[in-house]
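Chemist: As input, take final_29.cif (mmCIF, C-alpha atoms and all ligand atoms):
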```
data_query
loop_
_atom_site.label_atom_id
_atom_site.label_comp_id
_atom_site.auth_asym_id
_atom_site.auth_seq_id
_atom_site.Cartn_x
_atom_site.Cartn_y
_atom_site.Cartn_z
CA MET G 20 4.26 15.66 -28.88
CA LYS G 21 2.02 12.63 -28.57
CA ASN G 22 2.26 12.72 -24.76
CA GLN G 23 1.35 16.38 -24.76
CA SER G 24 -1.60 15.99 -27.09
CA LEU G 25 -2.92 13.04 -25.06
CA GLN G 26 -2.61 15.14 -21.91
CA GLU G 27 -4.56 17.95 -23.59
CA ARG G 28 -7.30 15.47 -24.51
CA LYS G 29 -7.26 13.99 -21.01
CA VAL G 30 -7.70 17.41 -19.39
CA GLN G 31 -10.72 18.03 -21.63
CA ALA G 32 -12.22 14.61 -20.86
CA PHE G 33 -11.37 13.84 -17.19
CA ALA G 34 -12.49 15.77 -14.12
CA ARG G 35 -9.63 17.57 -12.36
CA GLY G 36 -9.97 15.42 -9.24
CA GLN G 37 -8.54 12.35 -11.00
CA GLY G 38 -5.16 13.90 -11.73
CA ASN G 39 -1.98 12.24 -13.01
CA ALA G 40 1.56 12.48 -11.63
CA TYR G 41 3.24 12.19 -15.04
CA GLN G 42 2.30 13.39 -18.49
CA VAL G 43 3.75 10.15 -19.79
CA TYR G 44 1.31 7.90 -21.64
CA VAL G 45 2.24 4.24 -21.55
CA GLU G 46 2.46 2.20 -24.73
CA ARG G 47 3.80 -1.01 -23.18
CA ALA G 48 5.55 -2.26 -20.08
CA GLN G 49 7.56 -5.37 -19.28
CA GLY G 50 9.19 -6.32 -16.00
CA SER G 51 10.57 -3.09 -14.50
CA GLU G 52 10.65 -1.17 -17.76
CA MET G 53 8.02 0.97 -19.42
CA TRP G 54 7.85 2.66 -22.84
CA ASP G 55 5.71 5.67 -23.63
CA VAL G 56 3.82 6.56 -26.81
CA GLU G 57 6.88 8.45 -28.09
CA GLY G 58 9.19 5.47 -27.61
CA ASN G 59 10.92 6.81 -24.47
CA ARG G 60 12.01 4.19 -21.93
CA TYR G 61 11.48 4.47 -18.16
CA ILE G 62 12.54 2.44 -15.17
CA ASP G 63 9.50 1.98 -12.97
CA PHE G 64 10.15 2.51 -9.26
CA GLY G 65 6.42 2.92 -8.52
CA THR G 66 4.82 -0.28 -9.93
CA GLY G 67 1.47 1.50 -10.31
CA ILE G 68 1.45 2.19 -6.54
CA ALA G 69 2.74 -1.12 -5.18
CA VAL G 70 0.61 -3.27 -7.48
CA CYS G 71 2.98 -4.95 -9.95
CA ASN G 72 5.23 -6.58 -7.32
CA THR G 73 5.72 -9.37 -9.86
CA GLY G 74 6.73 -6.88 -12.59
CA HIS G 75 4.72 -5.71 -15.58
CA SER G 76 3.13 -8.39 -17.75
CA HIS G 77 4.81 -11.35 -16.08
CA PRO G 78 4.49 -14.14 -18.69
CA LYS G 79 2.97 -16.52 -16.16
CA ILE G 80 0.23 -14.04 -15.23
CA VAL G 81 -0.45 -13.20 -18.88
CA GLU G 82 -0.83 -16.90 -19.66
CA ALA G 83 -3.13 -17.55 -16.67
CA VAL G 84 -5.34 -14.59 -17.58
CA LYS G 85 -5.57 -15.54 -21.26
CA LYS G 86 -6.52 -19.09 -20.33
CA GLN G 87 -9.25 -17.85 -17.99
CA VAL G 88 -10.65 -15.32 -20.48
CA ASP G 89 -10.90 -18.09 -23.06
CA LYS G 90 -13.14 -20.02 -20.67
CA PHE G 91 -15.31 -17.22 -19.20
CA SER G 92 -14.75 -13.82 -17.65
CA HIS G 93 -17.68 -13.28 -15.29
CA THR G 94 -20.51 -15.19 -13.71
CA CYS G 95 -20.45 -13.48 -10.27
CA VAL G 96 -19.06 -15.49 -7.40
CA MET G 97 -22.34 -14.85 -5.51
CA VAL G 98 -24.38 -16.48 -8.30
CA ASN G 99 -22.36 -19.25 -9.93
CA PRO G 100 -18.95 -19.61 -8.25
CA TYR G 101 -15.89 -21.25 -9.80
CA GLU G 102 -12.83 -23.21 -8.75
CA VAL G 103 -10.18 -20.48 -9.16
CA ALA G 104 -11.93 -18.41 -6.45
CA VAL G 105 -12.20 -21.36 -4.06
CA GLU G 106 -8.56 -22.30 -4.61
CA LEU G 107 -7.44 -18.72 -4.07
CA ALA G 108 -9.45 -18.39 -0.84
CA GLU G 109 -7.89 -21.63 0.43
CA LYS G 110 -4.40 -20.40 -0.40
CA LEU G 111 -4.89 -16.92 1.12
CA ASN G 112 -6.29 -18.47 4.30
CA ALA G 113 -3.14 -20.60 4.46
CA VAL G 114 -0.62 -17.77 3.89
CA ALA G 115 -2.29 -15.20 6.19
CA PRO G 116 -0.38 -14.74 9.47
CA GLY G 117 -1.33 -16.91 12.45
CA ASP G 118 -2.63 -20.43 13.07
CA SER G 119 -6.35 -19.77 13.63
CA GLU G 120 -8.85 -21.21 11.20
CA LYS G 121 -9.52 -18.56 8.55
CA ARG G 122 -12.22 -17.50 6.12
CA ALA G 123 -11.97 -15.08 3.18
CA ILE G 124 -14.17 -12.77 1.15
CA PHE G 125 -13.37 -11.15 -2.18
CA VAL G 126 -14.14 -7.59 -3.23
CA THR G 127 -12.69 -5.36 -5.93
CA THR G 128 -10.73 -2.48 -4.35
CA GLY G 129 -8.68 -1.85 -1.26
CA ALA G 130 -11.19 0.65 0.09
CA GLU G 131 -13.94 -1.96 -0.18
CA ALA G 132 -11.83 -4.44 1.75
CA VAL G 133 -11.43 -1.88 4.55
CA GLU G 134 -15.16 -1.05 4.53
CA ASN G 135 -15.96 -4.74 4.82
CA CYS G 136 -13.62 -5.14 7.79
CA VAL G 137 -15.59 -2.46 9.61
CA LYS G 138 -18.88 -4.18 8.73
CA ILE G 139 -17.59 -7.55 9.92
CA ALA G 140 -16.12 -6.12 13.14
CA ARG G 141 -19.38 -4.33 13.95
CA ALA G 142 -21.47 -7.43 13.18
CA HIS G 143 -19.19 -9.55 15.37
CA THR G 144 -18.97 -7.20 18.36
CA GLY G 145 -22.29 -5.36 18.17
CA ARG G 146 -20.26 -2.21 18.87
CA ARG G 147 -19.97 1.11 17.07
CA GLY G 148 -16.50 2.68 17.46
CA VAL G 149 -13.47 2.35 15.18
CA ILE G 150 -10.02 3.65 16.09
CA ALA G 151 -7.57 4.53 13.33
CA PHE G 152 -4.25 6.41 13.35
CA ASN G 153 -2.90 9.79 12.36
CA GLY G 154 -1.07 9.53 9.05
CA GLY G 155 -2.94 6.36 8.08
CA PHE G 156 -4.52 5.90 4.65
CA HIS G 157 -7.40 3.53 4.06
CA GLY G 158 -9.11 4.69 0.85
CA ARG G 159 -11.31 7.24 -0.89
CA THR G 160 -14.84 6.01 -0.10
CA ASN G 161 -16.80 7.78 2.64
CA MET G 162 -16.00 5.33 5.46
CA THR G 163 -12.37 4.94 4.43
CA MET G 164 -11.88 8.71 4.05
CA GLY G 165 -13.20 8.98 7.58
CA LEU G 166 -10.65 6.41 8.75
CA THR G 167 -7.81 8.09 6.85
CA GLY G 168 -5.64 10.24 9.10
CA LYS G 169 -4.36 12.74 6.55
CA VAL G 170 -6.41 15.71 5.40
CA THR G 171 -4.81 16.84 2.12
CA PRO G 172 -5.64 15.76 -0.55
CA TYR G 173 -7.95 13.03 0.74
CA LYS G 174 -10.47 14.64 3.09
CA ASN G 175 -10.73 18.38 2.49
CA LEU G 176 -14.01 19.33 0.77
CA PHE G 177 -15.48 15.84 1.14
CA GLY G 178 -17.10 15.66 4.58
CA PRO G 179 -19.16 14.94 6.55
CA PHE G 180 -17.70 11.53 7.38
CA PRO G 181 -19.36 8.65 9.23
CA GLY G 182 -19.54 8.96 13.01
CA ASP G 183 -17.75 6.91 15.64
CA ILE G 184 -14.32 7.08 14.02
CA TYR G 185 -11.51 8.18 16.33
CA HIS G 186 -7.85 8.86 15.62
CA ALA G 187 -4.85 8.18 17.83
CA PRO G 188 -1.17 9.06 17.28
CA TYR G 189 0.91 6.57 15.29
CA PRO G 190 4.39 5.95 16.72
CA ASN G 191 7.02 7.83 14.76
CA ALA G 192 10.47 8.09 16.35
CA LEU G 193 11.79 10.53 13.73
CA HIS G 194 9.02 13.01 14.55
CA GLY G 195 8.99 12.53 18.31
CA VAL G 196 6.04 10.16 18.85
CA SER G 197 7.11 7.25 21.07
CA VAL G 198 5.30 3.93 21.43
CA GLU G 199 4.30 5.10 24.91
CA ASP G 200 2.81 8.34 23.49
CA ALA G 201 0.85 6.38 20.91
CA LEU G 202 -0.56 3.95 23.49
CA LYS G 203 -1.42 6.86 25.78
CA GLY G 204 -3.37 8.35 22.87
CA ILE G 205 -5.62 5.28 22.83
CA GLU G 206 -5.97 5.31 26.62
CA ASN G 207 -7.02 8.97 26.37
CA LEU G 208 -9.69 8.09 23.81
CA PHE G 209 -11.03 5.44 26.20
CA LYS G 210 -11.15 8.02 29.03
CA ALA G 211 -12.38 11.10 27.19
CA THR G 212 -14.25 10.02 24.07
CA ILE G 213 -15.42 6.41 23.79
CA PRO G 214 -15.33 3.57 26.31
CA ALA G 215 -13.26 0.54 25.28
CA GLN G 216 -16.38 -1.66 25.46
CA ASP G 217 -17.99 0.40 22.68
CA VAL G 218 -15.01 0.00 20.32
CA ALA G 219 -15.55 -2.57 17.56
CA ALA G 220 -12.13 -2.34 15.90
CA ILE G 221 -8.68 -0.80 15.80
CA ILE G 222 -7.27 -0.54 12.27
CA LEU G 223 -3.66 0.16 11.43
CA GLU G 224 -1.15 -0.25 8.64
CA PRO G 225 1.85 -2.19 9.96
CA VAL G 226 3.88 0.07 7.67
CA GLN G 227 2.08 3.31 6.81
CA GLY G 228 2.01 3.69 3.02
CA GLU G 229 0.66 7.03 1.82
CA GLY G 230 1.58 8.40 5.27
CA GLY G 231 5.32 8.08 4.60
CA PHE G 232 6.57 4.48 4.95
CA TYR G 233 6.84 4.56 8.74
CA ALA G 234 6.87 1.06 10.26
CA ALA G 235 5.07 0.41 13.52
CA PRO G 236 7.57 -0.86 16.11
CA VAL G 237 7.13 -4.52 17.06
CA GLU G 238 6.35 -3.60 20.69
CA PHE G 239 3.52 -1.32 19.51
CA MET G 240 1.92 -4.04 17.39
CA GLN G 241 2.22 -6.48 20.28
CA ALA G 242 0.76 -3.97 22.76
CA LEU G 243 -2.20 -3.41 20.41
CA ARG G 244 -2.77 -7.16 20.23
CA THR G 245 -2.84 -7.35 24.05
CA LEU G 246 -5.10 -4.29 24.33
CA CYS G 247 -7.56 -5.70 21.76
CA ASP G 248 -7.62 -9.07 23.55
CA GLU G 249 -8.25 -7.36 26.90
CA HIS G 250 -11.24 -5.39 25.60
CA GLY G 251 -12.67 -7.74 22.95
CA ILE G 252 -11.73 -5.34 20.13
CA VAL G 253 -11.13 -6.62 16.59
CA LEU G 254 -7.58 -5.85 15.40
CA ILE G 255 -7.45 -5.08 11.67
CA SER G 256 -4.15 -5.02 9.85
CA ASP G 257 -4.38 -3.06 6.60
CA GLU G 258 -1.78 -4.74 4.39
CA ILE G 259 -3.09 -3.36 1.12
CA GLN G 260 0.23 -1.66 0.33
CA SER G 261 2.60 -3.74 2.48
CA GLY G 262 1.41 -7.24 1.53
CA PHE G 263 2.52 -9.91 -0.91
CA ALA G 264 6.27 -10.05 -0.21
CA ARG G 265 6.75 -6.29 -0.50
CA THR G 266 8.34 -5.83 2.94
CA GLY G 267 10.51 -8.95 2.92
CA LYS G 268 7.80 -11.03 4.60
CA MET G 269 4.62 -12.27 2.95
CA PHE G 270 2.81 -9.77 5.22
CA ALA G 271 4.45 -7.02 7.29
CA THR G 272 2.43 -8.02 10.38
CA GLU G 273 4.67 -11.10 10.60
CA TYR G 274 7.53 -8.89 11.84
CA ALA G 275 5.61 -8.47 15.11
CA ASP G 276 4.83 -12.17 15.40
CA ILE G 277 1.15 -11.50 16.12
CA GLU G 278 -2.04 -12.67 14.49
CA PRO G 279 -4.44 -9.87 13.53
CA ASP G 280 -8.15 -10.71 13.63
CA LEU G 281 -8.74 -9.41 10.11
CA ILE G 282 -6.31 -8.56 7.36
CA THR G 283 -6.95 -6.56 4.20
CA MET G 284 -5.29 -7.53 0.92
CA ALA G 285 -5.30 -5.79 -2.48
CA LYS G 286 -2.76 -4.18 -4.85
CA GLY G 287 0.06 -6.79 -5.15
CA ILE G 288 -2.44 -9.65 -4.80
CA ALA G 289 -3.17 -10.00 -8.53
CA GLY G 290 -0.36 -8.32 -10.50
CA GLY G 291 -2.55 -5.47 -11.79
CA PHE G 292 -5.95 -7.13 -12.06
CA PRO G 293 -8.60 -5.62 -9.78
CA LEU G 294 -8.98 -7.80 -6.71
CA ALA G 295 -9.09 -7.29 -2.97
CA ALA G 296 -9.79 -9.59 -0.06
CA VAL G 297 -10.47 -9.71 3.63
CA VAL G 298 -9.03 -12.74 5.39
CA GLY G 299 -9.66 -13.30 9.07
CA LYS G 300 -10.46 -15.57 11.95
CA GLN G 301 -13.40 -17.83 11.12
CA HIS G 302 -15.58 -16.96 14.12
CA ILE G 303 -15.30 -13.24 13.33
CA MET G 304 -15.59 -13.49 9.54
CA ASP G 305 -18.76 -15.59 9.86
CA ALA G 306 -20.58 -12.92 11.91
CA SER G 307 -22.33 -11.66 8.78
CA HIS G 308 -25.42 -13.36 7.34
CA PRO G 309 -25.25 -14.64 3.72
CA GLY G 310 -25.69 -11.79 1.25
CA GLY G 311 -24.38 -9.18 3.71
CA LEU G 312 -20.91 -9.09 2.15
CA GLY G 313 -19.66 -9.08 -1.43
CA GLY G 314 -20.32 -7.19 -4.66
CA THR G 315 -20.90 -7.83 -8.35
CA TYR G 316 -17.25 -8.04 -9.38
CA GLY G 317 -15.67 -9.25 -6.13
CA GLY G 318 -13.50 -12.29 -6.87
CA SER G 319 -13.53 -11.89 -10.65
CA PRO G 320 -12.35 -15.19 -12.16
CA VAL G 321 -9.79 -13.33 -14.30
CA SER G 322 -8.34 -11.61 -11.22
CA CYS G 323 -8.38 -14.86 -9.22
CA ALA G 324 -6.47 -16.64 -12.01
CA ALA G 325 -3.91 -13.81 -11.97
CA ALA G 326 -3.66 -13.98 -8.16
CA LEU G 327 -2.98 -17.73 -8.21
CA ALA G 328 -0.16 -17.06 -10.67
CA VAL G 329 1.17 -14.29 -8.38
CA LEU G 330 1.33 -16.70 -5.42
CA ASP G 331 3.24 -19.23 -7.55
CA ILE G 332 5.67 -16.57 -8.79
CA ILE G 333 6.35 -15.30 -5.25
CA GLU G 334 7.32 -18.82 -4.24
CA GLU G 335 9.12 -19.99 -7.39
CA GLU G 336 11.15 -16.82 -7.83
CA GLN G 337 11.72 -16.38 -4.09
CA LEU G 338 10.45 -12.83 -4.11
CA ILE G 339 10.39 -12.52 -0.31
CA SER G 340 14.14 -12.92 -0.27
CA SER G 341 14.49 -10.60 -3.31
CA ALA G 342 12.58 -7.88 -1.45
CA ASN G 343 15.23 -7.93 1.27
CA THR G 344 18.13 -7.87 -1.20
CA ILE G 345 16.54 -5.00 -3.12
CA GLY G 346 16.00 -3.09 0.13
CA GLU G 347 19.65 -3.54 1.12
CA THR G 348 20.86 -2.33 -2.28
CA PHE G 349 18.68 0.78 -2.02
CA LEU G 350 19.77 1.44 1.58
CA ALA G 351 23.46 1.32 0.64
CA ARG G 352 23.06 3.69 -2.30
CA LEU G 353 20.65 6.09 -0.59
CA ASN G 354 22.86 6.27 2.50
CA GLU G 355 25.74 7.35 0.24
CA LEU G 356 23.50 10.20 -0.92
CA LYS G 357 22.61 11.03 2.69
CA ALA G 358 26.32 11.25 3.56
CA GLN G 359 26.77 13.61 0.62
CA PHE G 360 23.67 15.73 1.37
CA PRO G 361 23.18 15.57 5.15
CA ALA G 362 21.27 18.89 5.22
CA LEU G 363 18.65 17.61 2.76
CA ILE G 364 18.06 14.01 3.83
CA SER G 365 16.74 13.35 7.31
CA GLU G 366 16.28 9.60 7.03
CA VAL G 367 16.67 6.64 4.72
CA ARG G 368 14.53 3.68 5.76
CA ALA G 369 13.35 0.38 4.33
CA LYS G 370 11.24 -2.60 5.28
CA GLY G 371 12.29 -4.99 2.55
CA ALA G 372 11.48 -3.26 -0.74
CA MET G 373 9.22 -0.61 0.83
CA ILE G 374 11.90 2.03 0.75
CA ALA G 375 11.79 5.72 1.67
CA LEU G 376 13.99 8.78 1.47
CA GLU G 377 12.76 11.59 3.72
CA LEU G 378 13.75 15.13 2.73
CA CYS G 379 14.33 18.06 5.05
CA GLU G 380 15.94 21.47 5.27
CA ASP G 381 19.01 22.36 7.38
CA GLY G 382 19.41 18.75 8.47
CA ASP G 383 16.30 19.15 10.66
CA ALA G 384 13.73 16.34 10.30
CA ASP G 385 11.03 18.73 11.51
CA LYS G 386 11.58 21.06 8.56
CA PRO G 387 10.02 19.04 5.73
CA ASN G 388 11.41 19.79 2.28
CA THR G 389 8.30 19.43 0.15
CA HIS G 390 9.74 21.65 -2.61
CA LEU G 391 12.66 19.35 -3.29
CA THR G 392 10.33 16.33 -3.16
CA GLN G 393 8.06 17.93 -5.76
CA ARG G 394 11.02 18.89 -7.98
CA LEU G 395 12.34 15.32 -7.91
CA ILE G 396 8.95 13.99 -9.03
CA ALA G 397 8.54 16.75 -11.64
CA ASN G 398 11.94 15.99 -13.19
CA ALA G 399 12.02 12.19 -12.83
CA ALA G 400 10.54 11.47 -16.27
CA LYS G 401 13.27 13.49 -18.02
CA HIS G 402 15.75 11.09 -16.43
CA GLY G 403 13.75 8.04 -17.52
CA LEU G 404 12.40 7.27 -14.06
CA VAL G 405 8.96 6.80 -12.52
CA LEU G 406 9.04 7.83 -8.85
CA LEU G 407 6.30 8.40 -6.28
CA ALA G 408 6.08 10.73 -3.30
CA CYS G 409 4.19 10.25 -0.04
CA GLY G 410 4.28 11.42 3.54
CA TYR G 411 2.29 13.08 6.27
CA TYR G 412 4.39 16.16 5.45
CA GLY G 413 4.59 15.47 1.68
CA ASN G 414 8.38 15.16 1.85
CA VAL G 415 9.10 11.50 1.23
CA ILE G 416 10.21 9.81 -1.97
CA ARG G 417 8.98 6.22 -1.84
CA PHE G 418 10.52 3.45 -3.90
CA LEU G 419 8.37 0.44 -4.76
CA PRO G 420 10.34 -1.45 -7.41
CA ALA G 421 9.09 -4.74 -8.81
CA LEU G 422 10.48 -7.61 -6.74
CA THR G 423 11.50 -9.26 -10.00
CA ILE G 424 13.78 -6.35 -10.99
CA THR G 425 17.16 -7.46 -12.35
CA SER G 426 20.26 -6.14 -10.58
CA GLN G 427 21.30 -4.45 -13.83
CA VAL G 428 18.07 -2.44 -14.16
CA LEU G 429 18.08 -1.73 -10.43
CA GLU G 430 21.61 -0.27 -10.55
CA GLU G 431 20.74 1.71 -13.67
CA GLY G 432 17.68 3.15 -11.93
CA LEU G 433 19.71 4.06 -8.86
CA ASP G 434 22.33 5.77 -11.08
CA LYS G 435 19.55 7.78 -12.71
CA PHE G 436 18.14 8.72 -9.31
CA THR G 437 21.57 9.82 -8.03
CA THR G 438 22.01 12.06 -11.08
CA LEU G 439 18.50 13.49 -10.66
CA PHE G 440 18.99 14.14 -6.95
CA THR G 441 22.40 15.76 -7.43
CA GLU G 442 20.95 18.00 -10.15
CA GLN G 443 17.91 19.06 -8.09
CA ALA G 444 19.81 19.47 -4.80
CA SER G 445 21.76 22.33 -6.33
CA VAL G 446 18.81 24.16 -7.92
N1 LIG L 1 -5.27 0.99 2.39
C1 LIG L 1 -3.98 1.20 2.10
C2 LIG L 1 -2.95 0.92 3.13
C3 LIG L 1 -3.61 1.68 0.84
O1 LIG L 1 -2.31 1.91 0.55
C4 LIG L 1 -4.61 1.92 -0.13
C5 LIG L 1 -4.27 2.44 -1.54
N2 LIG L 1 -3.21 3.27 -1.63
C6 LIG L 1 -5.95 1.67 0.21
C7 LIG L 1 -6.24 1.21 1.48
C8 LIG L 1 -7.08 1.89 -0.78
O2 LIG L 1 -7.00 0.99 -1.83
P1 LIG L 1 -7.79 1.26 -3.21
O3 LIG L 1 -7.16 2.46 -3.84
O4 LIG L 1 -7.61 0.00 -4.01
O5 LIG L 1 -9.21 1.51 -2.85
#
```
Would you write the structure of this file as structure tokens?
Modeler:
Amino acid sequence: MKNQSLQERKVQAFARGQGNAYQVYVERAQGSEMWDVEGNRYIDFGTGIAVCNTGHSHPKIVEAVKKQVDKFSHTCVMVNPYEVAVELAEKLNAVAPGDSEKRAIFVTTGAEAVENCVKIARAHTGRRGVIAFNGGFHGRTNMTMGLTGKVTPYKNLFGPFPGDIYHAPYPNALHGVSVEDALKGIENLFKATIPAQDVAAIILEPVQGEGGFYAAPVEFMQALRTLCDEHGIVLISDEIQSGFARTGKMFATEYADIEPDLITMAKGIAGGFPLAAVVGKQHIMDASHPGGLGGTYGGSPVSCAAALAVLDIIEEEQLISSANTIGETFLARLNELKAQFPALISEVRAKGAMIALELCEDGDADKPNTHLTQRLIANAAKHGLVLLACGYYGNVIRFLPALTITSQVLEEGLDKFTTLFTEQASV
């Protein structure tokens, strides 16, 4: 009853636009487990949308945050900076892909990191255009909505968007878009819409998140690198969802063995504390004059302290390797389900622990089964699970477990999911 009465209060207090997937109000959470206000236990396969890669309330993060709060919680890094921010910038510059000398800036949300990439790329190139991809998601601010390549629920009602944003197809083998098609899409933009020499940046997610967990093929990422070098375009890799060990590399861009010019970081960076960053090549990052970039809360000392603990945990607990093991465990179990329900599952895919189950009808990948996807989400809580959906077609269940999940809790969660799926498949 407590969940229900809180939901009734929430509906009366919140605007409709900020909805919630579950009418489950959290009392406490630890590792991969969560308890609601009625004492029910859940296994969390969503980690607050890829944020708690290090699990809920990791003791090391809790300790680092408490220590920082005892000292001070805000002075503004643009007024009186502090060592935790400097140390974090140094460490992020060192872990970002590629050997070039790097610089960093801190902001508060993923969308802000993306916005700042566009500002930096425009300041560096003196050009106007930005190319993004169909199915991409970059945020809910005006610029990032414009860059996002998925209308519902992100863009409808909210235009007009900023000018000089262009979309190209993102390669997607399952849905018939080859790497060649995707590259031709960019060539067509250069011919029909905006000359290459007017393009400041190309932004992509190396693995699309909200769009459905589709990974860009290595040859596509490499071709983009070559194209950007040819035309002096800034290549931005949006790693907000795929970063911090999630995909079985520190950053998913590493799979392609290329160095992006700018990289966005958020979500998993600070274990749940609001922090985002842009890290990039020094000569590009320094294009802006002092005062042109930043924000009141960017690089909060509390978030920086948490982020330093996250980096330690990733290394000490070998979370990059765990992401791969978790992905393999999911793949094995989800492929068993696919063998059992070939008409309903078109693909099981994973990059490390960024795992997706795509649902269809009649075994046809081009007939998206959004109803089954919605039923699985709607009934997950009854089975003690937190699951998330995504997808260009709204028909993908995405799994984003904590990389610290124990094999026992992981197996238990997979058992629960198998029961849920079997139940809903026959409705
Ligand atoms: N880019 C990507 C790839 C994302 O997944 C998200 C968040 N889902 C964002 C940008 C926006 O981040 P935020 O919600 O923190 O603004």
Chemist: Could you give me, as JSON, numbers by chain, every polymer residue with an atom at most 7 Å away from an atom of ligand LIG 1 (chain L), counting all atoms listed in the file?
Modeler: {"G": [68, 128, 129, 130, 131, 133, 156, 157, 158, 159, 224, 227, 228, 229, 257, 258, 259, 260, 285, 286]}
Chemist: Which residues, protein or nucleic acid, reach to within 12 Å of (-8.9, 4.8, 7.0) in the file's coordinates when using only C-alpha atoms, and can you give that as a PDB file with C-alpha atoms, in the frame of the given file?
Modeler:
```pdb
ATOM      1  CA  GLY G 129      -8.680  -1.850  -1.260  1.00  0.00           C
ATOM      2  CA  ALA G 130     -11.190   0.650   0.090  1.00  0.00           C
ATOM      3  CA  GLU G 131     -13.940  -1.960  -0.180  1.00  0.00           C
ATOM      4  CA  ALA G 132     -11.830  -4.440   1.750  1.00  0.00           C
ATOM      5  CA  VAL G 133     -11.430  -1.880   4.550  1.00  0.00           C
ATOM      6  CA  GLU G 134     -15.160  -1.050   4.530  1.00  0.00           C
ATOM      7  CA  CYS G 136     -13.620  -5.140   7.790  1.00  0.00           C
ATOM      8  CA  VAL G 137     -15.590  -2.460   9.610  1.00  0.00           C
ATOM      9  CA  VAL G 149     -13.470   2.350  15.180  1.00  0.00           C
ATOM     10  CA  ILE G 150     -10.020   3.650  16.090  1.00  0.00           C
ATOM     11  CA  ALA G 151      -7.570   4.530  13.330  1.00  0.00           C
ATOM     12  CA  PHE G 152      -4.250   6.410  13.350  1.00  0.00           C
ATOM     13  CA  ASN G 153      -2.900   9.790  12.360  1.00  0.00           C
ATOM     14  CA  GLY G 154      -1.070   9.530   9.050  1.00  0.00           C
ATOM     15  CA  GLY G 155      -2.940   6.360   8.080  1.00  0.00           C
ATOM     16  CA  PHE G 156      -4.520   5.900   4.650  1.00  0.00           C
ATOM     17  CA  HIS G 157      -7.400   3.530   4.060  1.00  0.00           C
ATOM     18  CA  GLY G 158      -9.110   4.690   0.850  1.00  0.00           C
ATOM     19  CA  ARG G 159     -11.310   7.240  -0.890  1.00  0.00           C
ATOM     20  CA  THR G 160     -14.840   6.010  -0.100  1.00  0.00           C
ATOM     21  CA  ASN G 161     -16.800   7.780   2.640  1.00  0.00           C
ATOM     22  CA  MET G 162     -16.000   5.330   5.460  1.00  0.00           C
ATOM     23  CA  THR G 163     -12.370   4.940   4.430  1.00  0.00           C
ATOM     24  CA  MET G 164     -11.880   8.710   4.050  1.00  0.00           C
ATOM     25  CA  GLY G 165     -13.200   8.980   7.580  1.00  0.00           C
ATOM     26  CA  LEU G 166     -10.650   6.410   8.750  1.00  0.00           C
ATOM     27  CA  THR G 167      -7.810   8.090   6.850  1.00  0.00           C
ATOM     28  CA  GLY G 168      -5.640  10.240   9.100  1.00  0.00           C
ATOM     29  CA  LYS G 169      -4.360  12.740   6.550  1.00  0.00           C
ATOM     30  CA  VAL G 170      -6.410  15.710   5.400  1.00  0.00           C
ATOM     31  CA  TYR G 173      -7.950  13.030   0.740  1.00  0.00           C
ATOM     32  CA  LYS G 174     -10.470  14.640   3.090  1.00  0.00           C
ATOM     33  CA  PHE G 180     -17.700  11.530   7.380  1.00  0.00           C
ATOM     34  CA  PRO G 181     -19.360   8.650   9.230  1.00  0.00           C
ATOM     35  CA  ILE G 184     -14.320   7.080  14.020  1.00  0.00           C
ATOM     36  CA  TYR G 185     -11.510   8.180  16.330  1.00  0.00           C
ATOM     37  CA  HIS G 186      -7.850   8.860  15.620  1.00  0.00           C
ATOM     38  CA  ALA G 220     -12.130  -2.340  15.900  1.00  0.00           C
ATOM     39  CA  ILE G 221      -8.680  -0.800  15.800  1.00  0.00           C
ATOM     40  CA  ILE G 222      -7.270  -0.540  12.270  1.00  0.00           C
ATOM     41  CA  LEU G 223      -3.660   0.160  11.430  1.00  0.00           C
ATOM     42  CA  GLU G 224      -1.150  -0.250   8.640  1.00  0.00           C
ATOM     43  CA  GLN G 227       2.080   3.310   6.810  1.00  0.00           C
ATOM     44  CA  GLY G 228       2.010   3.690   3.020  1.00  0.00           C
ATOM     45  CA  GLU G 229       0.660   7.030   1.820  1.00  0.00           C
ATOM     46  CA  GLY G 230       1.580   8.400   5.270  1.00  0.00           C
ATOM     47  CA  ILE G 255      -7.450  -5.080  11.670  1.00  0.00           C
ATOM     48  CA  SER G 256      -4.150  -5.020   9.850  1.00  0.00           C
ATOM     49  CA  ASP G 257      -4.380  -3.060   6.600  1.00  0.00           C
ATOM     50  CA  ILE G 259      -3.090  -3.360   1.120  1.00  0.00           C
ATOM     51  CA  THR G 283      -6.950  -6.560   4.200  1.00  0.00           C
TER      52      THR G 283
END
```
Chemist: Tell me, as a list in words, which residues lie within 12 Å of region 26-33 of chain G, counting only C-alpha atoms; anything in the same chain fewer than 6 positions away does not count.
Modeler: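 Skipping anything fewer than 6 positions along the chain leaves Met20, Asn39, Ala40, Tyr41, Gln42, Val43, Tyr44, Val45 and Val56 of chain G.
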Chemist: When you look at Gly117 (chain G) with a cut-off of 8 Å (counting all atoms listed in the file), what residues show up, excluding the ones that are within fewer than 4 positions of it in the same chain? I need them as a VMD selection string.
Modeler: chain G and resid 277 to 279
Chemist: Write out, as CSV, each residue of region 166-263 of chain G that has an atom at most 12 Å from region 72-79 of chain G, together with the closest pair of atoms and their distance in Å to one decimal, counting only C-alpha atoms, rows going by chain and rising number.
Modeler:
```
residue,atom,partner,partner_atom,distance
G:Gln260,CA,G:Asn72,CA,10.4
G:Ser261,CA,G:Asn72,CA,10.5
G:Gly262,CA,G:Asn72,CA,9.7
G:Phe263,CA,G:Asn72,CA,7.7
```
